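Here's model.cif, which has mmCIF, N, CA, C and O atoms:
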data_my_file
#
loop_
_atom_site.label_atom_id
_atom_site.label_comp_id
_atom_site.auth_asym_id
_atom_site.auth_seq_id
_atom_site.Cartn_x
_atom_site.Cartn_y
_atom_site.Cartn_z
N MET A 1 75.14 79.39 94.62
CA MET A 1 73.74 79.16 94.38
C MET A 1 73.37 77.76 94.87
O MET A 1 74.06 76.79 94.61
N LYS A 2 72.30 77.67 95.56
CA LYS A 2 71.88 76.38 96.09
C LYS A 2 71.21 75.56 94.99
O LYS A 2 70.77 76.08 93.98
N ARG A 3 71.13 74.29 95.25
CA ARG A 3 70.56 73.37 94.29
C ARG A 3 69.09 73.69 94.02
O ARG A 3 68.63 73.66 92.88
N ALA A 4 68.35 74.04 95.03
CA ALA A 4 66.93 74.38 94.87
C ALA A 4 66.77 75.66 94.03
O ALA A 4 65.86 75.77 93.20
N ASP A 5 67.68 76.62 94.25
CA ASP A 5 67.63 77.86 93.46
C ASP A 5 67.91 77.57 91.99
O ASP A 5 67.28 78.14 91.10
N ARG A 6 68.87 76.69 91.76
CA ARG A 6 69.20 76.33 90.38
C ARG A 6 68.03 75.62 89.69
O ARG A 6 67.73 75.89 88.53
N ARG A 7 67.38 74.74 90.42
CA ARG A 7 66.22 74.05 89.86
C ARG A 7 65.10 75.04 89.53
O ARG A 7 64.47 74.96 88.47
N ALA A 8 64.86 75.97 90.43
CA ALA A 8 63.82 76.97 90.20
C ALA A 8 64.18 77.84 88.99
O ALA A 8 63.32 78.15 88.15
N ARG A 9 65.44 78.22 88.91
CA ARG A 9 65.90 79.04 87.77
C ARG A 9 65.76 78.26 86.47
O ARG A 9 65.35 78.80 85.44
N LYS A 10 66.09 76.97 86.51
CA LYS A 10 65.98 76.12 85.33
C LYS A 10 64.53 76.01 84.87
O LYS A 10 64.22 76.12 83.68
N VAL A 11 63.61 75.85 85.82
CA VAL A 11 62.19 75.78 85.48
C VAL A 11 61.72 77.08 84.86
O VAL A 11 60.99 77.09 83.86
N GLU A 12 62.17 78.22 85.42
CA GLU A 12 61.81 79.53 84.86
C GLU A 12 62.32 79.68 83.43
O GLU A 12 61.59 80.15 82.54
N LEU A 13 63.56 79.28 83.21
CA LEU A 13 64.15 79.39 81.87
C LEU A 13 63.44 78.47 80.88
O LEU A 13 63.19 78.86 79.73
N GLU A 14 63.12 77.26 81.30
CA GLU A 14 62.40 76.34 80.42
C GLU A 14 61.02 76.88 80.06
O GLU A 14 60.57 76.77 78.92
N HIS A 15 60.37 77.49 81.04
CA HIS A 15 59.06 78.10 80.77
C HIS A 15 59.21 79.26 79.78
O HIS A 15 58.39 79.40 78.86
N ALA A 16 60.25 80.08 79.95
CA ALA A 16 60.47 81.21 79.03
C ALA A 16 60.76 80.71 77.62
O ALA A 16 60.24 81.26 76.64
N ILE A 17 61.53 79.63 77.52
CA ILE A 17 61.85 79.06 76.20
C ILE A 17 60.59 78.51 75.56
O ILE A 17 60.34 78.72 74.35
N GLU A 18 59.76 77.83 76.33
CA GLU A 18 58.51 77.28 75.79
C GLU A 18 57.60 78.40 75.30
O GLU A 18 56.98 78.30 74.24
N GLN A 19 57.53 79.49 76.06
CA GLN A 19 56.70 80.62 75.66
C GLN A 19 57.23 81.26 74.37
O GLN A 19 56.46 81.64 73.49
N GLN A 20 58.55 81.34 74.23
CA GLN A 20 59.14 81.88 73.01
C GLN A 20 58.82 80.99 71.81
O GLN A 20 58.56 81.49 70.71
N ARG A 21 58.85 79.68 72.02
CA ARG A 21 58.50 78.76 70.93
C ARG A 21 57.06 78.96 70.49
O ARG A 21 56.75 78.97 69.30
N ILE A 22 56.17 79.10 71.45
CA ILE A 22 54.76 79.34 71.12
C ILE A 22 54.60 80.65 70.37
O ILE A 22 53.88 80.72 69.37
N ASP A 23 55.30 81.69 70.83
CA ASP A 23 55.24 82.99 70.15
C ASP A 23 55.74 82.89 68.72
O ASP A 23 55.18 83.50 67.80
N LEU A 24 56.81 82.12 68.51
CA LEU A 24 57.35 81.93 67.16
C LEU A 24 56.35 81.21 66.26
O LEU A 24 56.19 81.57 65.09
N LEU A 25 55.69 80.19 66.80
CA LEU A 25 54.70 79.46 66.00
C LEU A 25 53.53 80.37 65.61
O LEU A 25 53.06 80.33 64.48
N VAL A 26 53.08 81.19 66.55
CA VAL A 26 51.98 82.11 66.25
C VAL A 26 52.42 83.14 65.21
O VAL A 26 51.68 83.43 64.26
N ALA A 27 53.62 83.68 65.37
CA ALA A 27 54.12 84.68 64.42
C ALA A 27 54.29 84.06 63.02
O ALA A 27 53.97 84.69 62.01
N ALA A 28 54.78 82.83 62.97
CA ALA A 28 54.95 82.16 61.67
C ALA A 28 53.60 81.93 61.01
O ALA A 28 53.46 82.11 59.79
N SER A 29 52.61 81.55 61.78
CA SER A 29 51.28 81.34 61.23
C SER A 29 50.70 82.65 60.69
O SER A 29 50.13 82.68 59.59
N ARG A 30 50.86 83.72 61.44
CA ARG A 30 50.38 85.03 60.96
C ARG A 30 51.10 85.46 59.70
O ARG A 30 50.50 86.01 58.78
N TRP A 31 52.40 85.24 59.67
CA TRP A 31 53.20 85.61 58.50
C TRP A 31 52.73 84.84 57.27
O TRP A 31 52.58 85.41 56.18
N GLN A 32 52.49 83.56 57.43
CA GLN A 32 52.04 82.75 56.29
C GLN A 32 50.67 83.19 55.80
O GLN A 32 50.43 83.27 54.60
N SER A 33 49.78 83.49 56.72
CA SER A 33 48.45 83.91 56.29
C SER A 33 48.50 85.30 55.65
O SER A 33 47.76 85.58 54.71
N ALA A 34 49.39 86.17 56.11
CA ALA A 34 49.51 87.50 55.52
C ALA A 34 50.14 87.46 54.13
O ALA A 34 49.79 88.25 53.26
N SER A 35 51.05 86.53 53.91
CA SER A 35 51.74 86.48 52.63
C SER A 35 51.11 85.49 51.65
O SER A 35 51.65 85.27 50.56
N ARG A 36 49.98 84.93 52.00
CA ARG A 36 49.33 83.93 51.14
C ARG A 36 48.96 84.50 49.77
O ARG A 36 49.19 83.87 48.75
N SER A 37 48.42 85.72 49.73
CA SER A 37 48.02 86.29 48.45
C SER A 37 49.24 86.57 47.57
O SER A 37 49.19 86.39 46.35
N ILE A 38 50.33 87.00 48.19
CA ILE A 38 51.57 87.24 47.42
C ILE A 38 52.09 85.93 46.85
O ILE A 38 52.50 85.86 45.68
N ASP A 39 52.06 84.89 47.65
CA ASP A 39 52.51 83.58 47.18
C ASP A 39 51.64 83.06 46.03
O ASP A 39 52.16 82.48 45.07
N GLN A 40 50.35 83.27 46.13
CA GLN A 40 49.45 82.82 45.06
C GLN A 40 49.74 83.60 43.77
O GLN A 40 49.76 83.04 42.68
N GLY A 41 49.96 84.90 43.89
CA GLY A 41 50.31 85.71 42.72
C GLY A 41 51.61 85.25 42.09
O GLY A 41 51.75 85.20 40.86
N TRP A 42 52.58 84.92 42.94
CA TRP A 42 53.86 84.43 42.43
C TRP A 42 53.67 83.11 41.69
O TRP A 42 54.29 82.88 40.65
N GLN A 43 52.83 82.24 42.21
CA GLN A 43 52.56 80.97 41.55
C GLN A 43 51.92 81.18 40.18
O GLN A 43 52.24 80.47 39.22
N VAL A 44 51.04 82.16 40.08
CA VAL A 44 50.42 82.47 38.78
C VAL A 44 51.49 82.96 37.81
O VAL A 44 51.52 82.54 36.64
N LEU A 45 52.37 83.84 38.28
CA LEU A 45 53.45 84.32 37.40
C LEU A 45 54.35 83.17 36.95
O LEU A 45 54.76 83.12 35.79
N MET A 46 54.66 82.26 37.86
CA MET A 46 55.52 81.14 37.50
C MET A 46 54.81 80.18 36.53
O MET A 46 55.46 79.54 35.72
N ARG A 47 53.50 80.12 36.60
CA ARG A 47 52.75 79.27 35.67
C ARG A 47 52.90 79.79 34.25
O ARG A 47 52.96 79.03 33.29
N TYR A 48 52.93 81.12 34.10
CA TYR A 48 53.03 81.74 32.78
C TYR A 48 54.44 82.29 32.53
O TYR A 48 54.61 83.24 31.77
N ARG A 49 55.43 81.69 33.14
CA ARG A 49 56.79 82.20 33.06
C ARG A 49 57.33 82.22 31.63
O ARG A 49 57.85 83.23 31.17
N VAL A 50 57.21 81.11 30.93
CA VAL A 50 57.77 81.02 29.58
C VAL A 50 57.09 82.01 28.63
O VAL A 50 57.78 82.76 27.92
N PRO A 51 55.76 82.08 28.59
CA PRO A 51 55.15 83.08 27.70
C PRO A 51 55.53 84.51 28.08
O PRO A 51 55.76 85.35 27.20
N LEU A 52 55.61 84.81 29.39
CA LEU A 52 56.01 86.15 29.80
C LEU A 52 57.44 86.48 29.37
O LEU A 52 57.73 87.60 28.94
N LEU A 53 58.32 85.50 29.48
CA LEU A 53 59.70 85.71 29.03
C LEU A 53 59.76 85.93 27.52
O LEU A 53 60.53 86.78 27.04
N LEU A 54 58.98 85.18 26.78
CA LEU A 54 58.97 85.35 25.33
C LEU A 54 58.44 86.74 24.94
O LEU A 54 59.03 87.42 24.09
N VAL A 55 57.34 87.14 25.56
CA VAL A 55 56.77 88.46 25.25
C VAL A 55 57.74 89.56 25.67
O VAL A 55 57.96 90.52 24.93
N GLY A 56 58.32 89.41 26.86
CA GLY A 56 59.28 90.42 27.32
C GLY A 56 60.50 90.51 26.42
O GLY A 56 60.97 91.61 26.11
N GLY A 57 60.99 89.36 25.98
CA GLY A 57 62.14 89.37 25.07
C GLY A 57 61.80 90.02 23.75
O GLY A 57 62.61 90.78 23.18
N THR A 58 60.61 89.76 23.25
CA THR A 58 60.18 90.37 21.98
C THR A 58 60.06 91.88 22.13
O THR A 58 60.50 92.63 21.26
N VAL A 59 59.48 92.32 23.23
CA VAL A 59 59.34 93.77 23.46
C VAL A 59 60.70 94.42 23.58
O VAL A 59 60.95 95.48 22.99
N ILE A 60 61.62 93.79 24.31
CA ILE A 60 62.96 94.36 24.45
C ILE A 60 63.68 94.40 23.10
O ILE A 60 64.33 95.39 22.76
N TYR A 61 63.54 93.34 22.31
CA TYR A 61 64.19 93.29 21.00
C TYR A 61 63.69 94.42 20.10
O TYR A 61 64.46 95.12 19.46
N ARG A 62 62.35 94.59 20.08
CA ARG A 62 61.79 95.65 19.23
C ARG A 62 62.17 97.02 19.75
O ARG A 62 62.38 97.96 18.97
N THR A 63 62.27 97.18 21.05
CA THR A 63 62.64 98.46 21.64
C THR A 63 64.08 98.81 21.30
O THR A 63 64.40 99.97 21.00
N VAL A 64 64.95 97.83 21.33
CA VAL A 64 66.36 98.08 21.00
C VAL A 64 66.50 98.44 19.52
O VAL A 64 67.29 99.32 19.17
N ARG A 65 65.73 97.78 18.67
CA ARG A 65 65.82 98.07 17.24
C ARG A 65 65.24 99.42 16.88
O ARG A 65 65.75 100.10 15.99
N ARG A 66 64.12 99.80 17.54
CA ARG A 66 63.46 101.08 17.24
C ARG A 66 63.12 101.78 18.56
O ARG A 66 62.00 101.69 19.05
N PRO A 67 64.08 102.50 19.14
CA PRO A 67 63.84 103.14 20.44
C PRO A 67 62.84 104.29 20.37
O PRO A 67 62.28 104.69 21.38
N GLY A 68 62.59 104.84 19.20
CA GLY A 68 61.65 105.96 19.08
C GLY A 68 60.24 105.59 19.50
O GLY A 68 59.50 106.40 20.07
N GLY A 69 59.85 104.36 19.23
CA GLY A 69 58.51 103.90 19.62
C GLY A 69 58.34 103.91 21.12
O GLY A 69 57.29 104.27 21.64
N LEU A 70 59.38 103.52 21.84
CA LEU A 70 59.32 103.51 23.30
C LEU A 70 59.23 104.94 23.84
O LEU A 70 58.49 105.20 24.79
N VAL A 71 59.96 105.85 23.22
CA VAL A 71 59.92 107.26 23.66
C VAL A 71 58.52 107.82 23.44
O VAL A 71 57.97 108.51 24.30
N ARG A 72 57.93 107.51 22.29
CA ARG A 72 56.56 107.97 22.02
C ARG A 72 55.57 107.38 23.01
O ARG A 72 54.69 108.07 23.53
N LEU A 73 55.71 106.09 23.30
CA LEU A 73 54.82 105.43 24.25
C LEU A 73 54.97 106.05 25.64
O LEU A 73 53.97 106.29 26.32
N ALA A 74 56.20 106.31 26.07
CA ALA A 74 56.42 106.93 27.38
C ALA A 74 55.79 108.32 27.43
O ALA A 74 55.20 108.71 28.43
N GLY A 75 55.92 109.06 26.34
CA GLY A 75 55.30 110.39 26.30
C GLY A 75 53.78 110.31 26.39
O GLY A 75 53.15 111.10 27.11
N ARG A 76 53.20 109.36 25.68
CA ARG A 76 51.74 109.20 25.73
C ARG A 76 51.28 108.77 27.11
O ARG A 76 50.25 109.24 27.61
N LEU A 77 52.03 107.88 27.74
CA LEU A 77 51.68 107.45 29.09
C LEU A 77 51.76 108.62 30.08
O LEU A 77 50.89 108.77 30.95
N ALA A 78 52.80 109.43 29.96
CA ALA A 78 52.94 110.59 30.85
C ALA A 78 51.81 111.57 30.62
O ALA A 78 51.22 112.10 31.57
N THR A 79 51.46 111.82 29.37
CA THR A 79 50.36 112.73 29.06
C THR A 79 49.05 112.19 29.61
O THR A 79 48.26 112.93 30.19
N GLY A 80 48.81 110.91 29.43
CA GLY A 80 47.59 110.29 29.95
C GLY A 80 47.52 110.38 31.47
O GLY A 80 46.47 110.67 32.05
N ALA A 81 48.65 110.16 32.14
CA ALA A 81 48.67 110.24 33.60
C ALA A 81 48.37 111.67 34.06
O ALA A 81 47.63 111.87 35.03
N LEU A 82 48.93 112.65 33.37
CA LEU A 82 48.65 114.04 33.74
C LEU A 82 47.19 114.40 33.50
O LEU A 82 46.57 115.11 34.30
N LEU A 83 46.62 113.90 32.40
CA LEU A 83 45.20 114.16 32.13
C LEU A 83 44.31 113.54 33.20
O LEU A 83 43.34 114.16 33.65
N VAL A 84 44.62 112.33 33.61
CA VAL A 84 43.84 111.66 34.65
C VAL A 84 43.95 112.44 35.96
O VAL A 84 42.95 112.64 36.67
N LYS A 85 45.14 112.90 36.27
CA LYS A 85 45.34 113.66 37.50
C LYS A 85 44.53 114.95 37.49
O LYS A 85 43.87 115.31 38.47
N LYS A 86 44.56 115.66 36.37
CA LYS A 86 43.79 116.91 36.26
C LYS A 86 42.29 116.64 36.31
O LYS A 86 41.52 117.41 36.91
N ALA A 87 41.85 115.55 35.68
CA ALA A 87 40.42 115.21 35.71
C ALA A 87 39.96 114.90 37.13
O ALA A 87 38.88 115.31 37.54
N ARG A 88 40.79 114.22 37.89
CA ARG A 88 40.45 113.93 39.29
C ARG A 88 40.31 115.22 40.09
O ARG A 88 39.44 115.35 40.93
N ARG A 89 41.22 116.14 39.85
CA ARG A 89 41.17 117.43 40.56
C ARG A 89 39.89 118.20 40.20
O ARG A 89 39.27 118.81 41.06
N LEU A 90 39.53 118.15 38.93
CA LEU A 90 38.32 118.87 38.50
C LEU A 90 37.05 118.25 39.08
O LEU A 90 36.09 118.96 39.38
N LEU A 91 37.04 116.93 39.22
CA LEU A 91 35.85 116.24 39.69
C LEU A 91 35.67 116.31 41.21
O LEU A 91 34.62 115.96 41.70
N ARG A 92 36.64 116.79 41.91
CA ARG A 92 36.52 116.92 43.37
C ARG A 92 35.69 118.06 43.72
O ARG A 92 34.96 118.69 43.82
#
Target encoding structure tokens, full file:
Amino acid sequence: MKRADRRARKVELEHAIEQQRIDLLVAASRWQSASRSIDQGWQVLMRYRVPLLLVGGTVIYRTVRRPGGLVRLAGRLATGALLVKKARRLLR
């Protein structure tokens, strides 16, 4: 390969690398803007982390002590979901 060919090839490769860098910056910007709402939601959850952990621990403790209440709640939720589904079908 001649020296001029190598220089031309080097310029082509440098241009390709520069274009890839620009593409990465654009993709990173799009990714950040797309995930902004998720990040904000996560920040809200982290703000209330301790109270959520306390409430969750209390619910788990009560569920372990009296599992029948959870079974009843699950049954009521399933019944409610089925009723909502049937009501939607009727209203169509």
Build an axis-aligned box that encloses every atom of region 70-74 of chain A listed in the file, pad it by 5 Å on each side, and report its centre and edge lengths in Å to one decimal, as AutoDock Vina command-line options.
--center_x 57.0 --center_y 106.1 --center_z 25.1 --size_x 16.0 --size_y 15.2 --size_z 16.6
Between atom O of Ile17 (chain A) and atom O of Gln32 (chain A) - distance in Å to one decimal: 22.6 Å
Point-to-point distance from CA of Ala34 (chain A) to CA of Arg47 (chain A), Å rounded to tenths: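 Computed distance, CA of Ala34 (chain A) to CA of Arg47 (chain A), equals 21.7 Å.
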Straight-line distance linking CA of Arg89 (chain A) with CA of Leu73 (chain A), stated in Å to one decimal: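 These atoms are spaced 24.4 Å apart.
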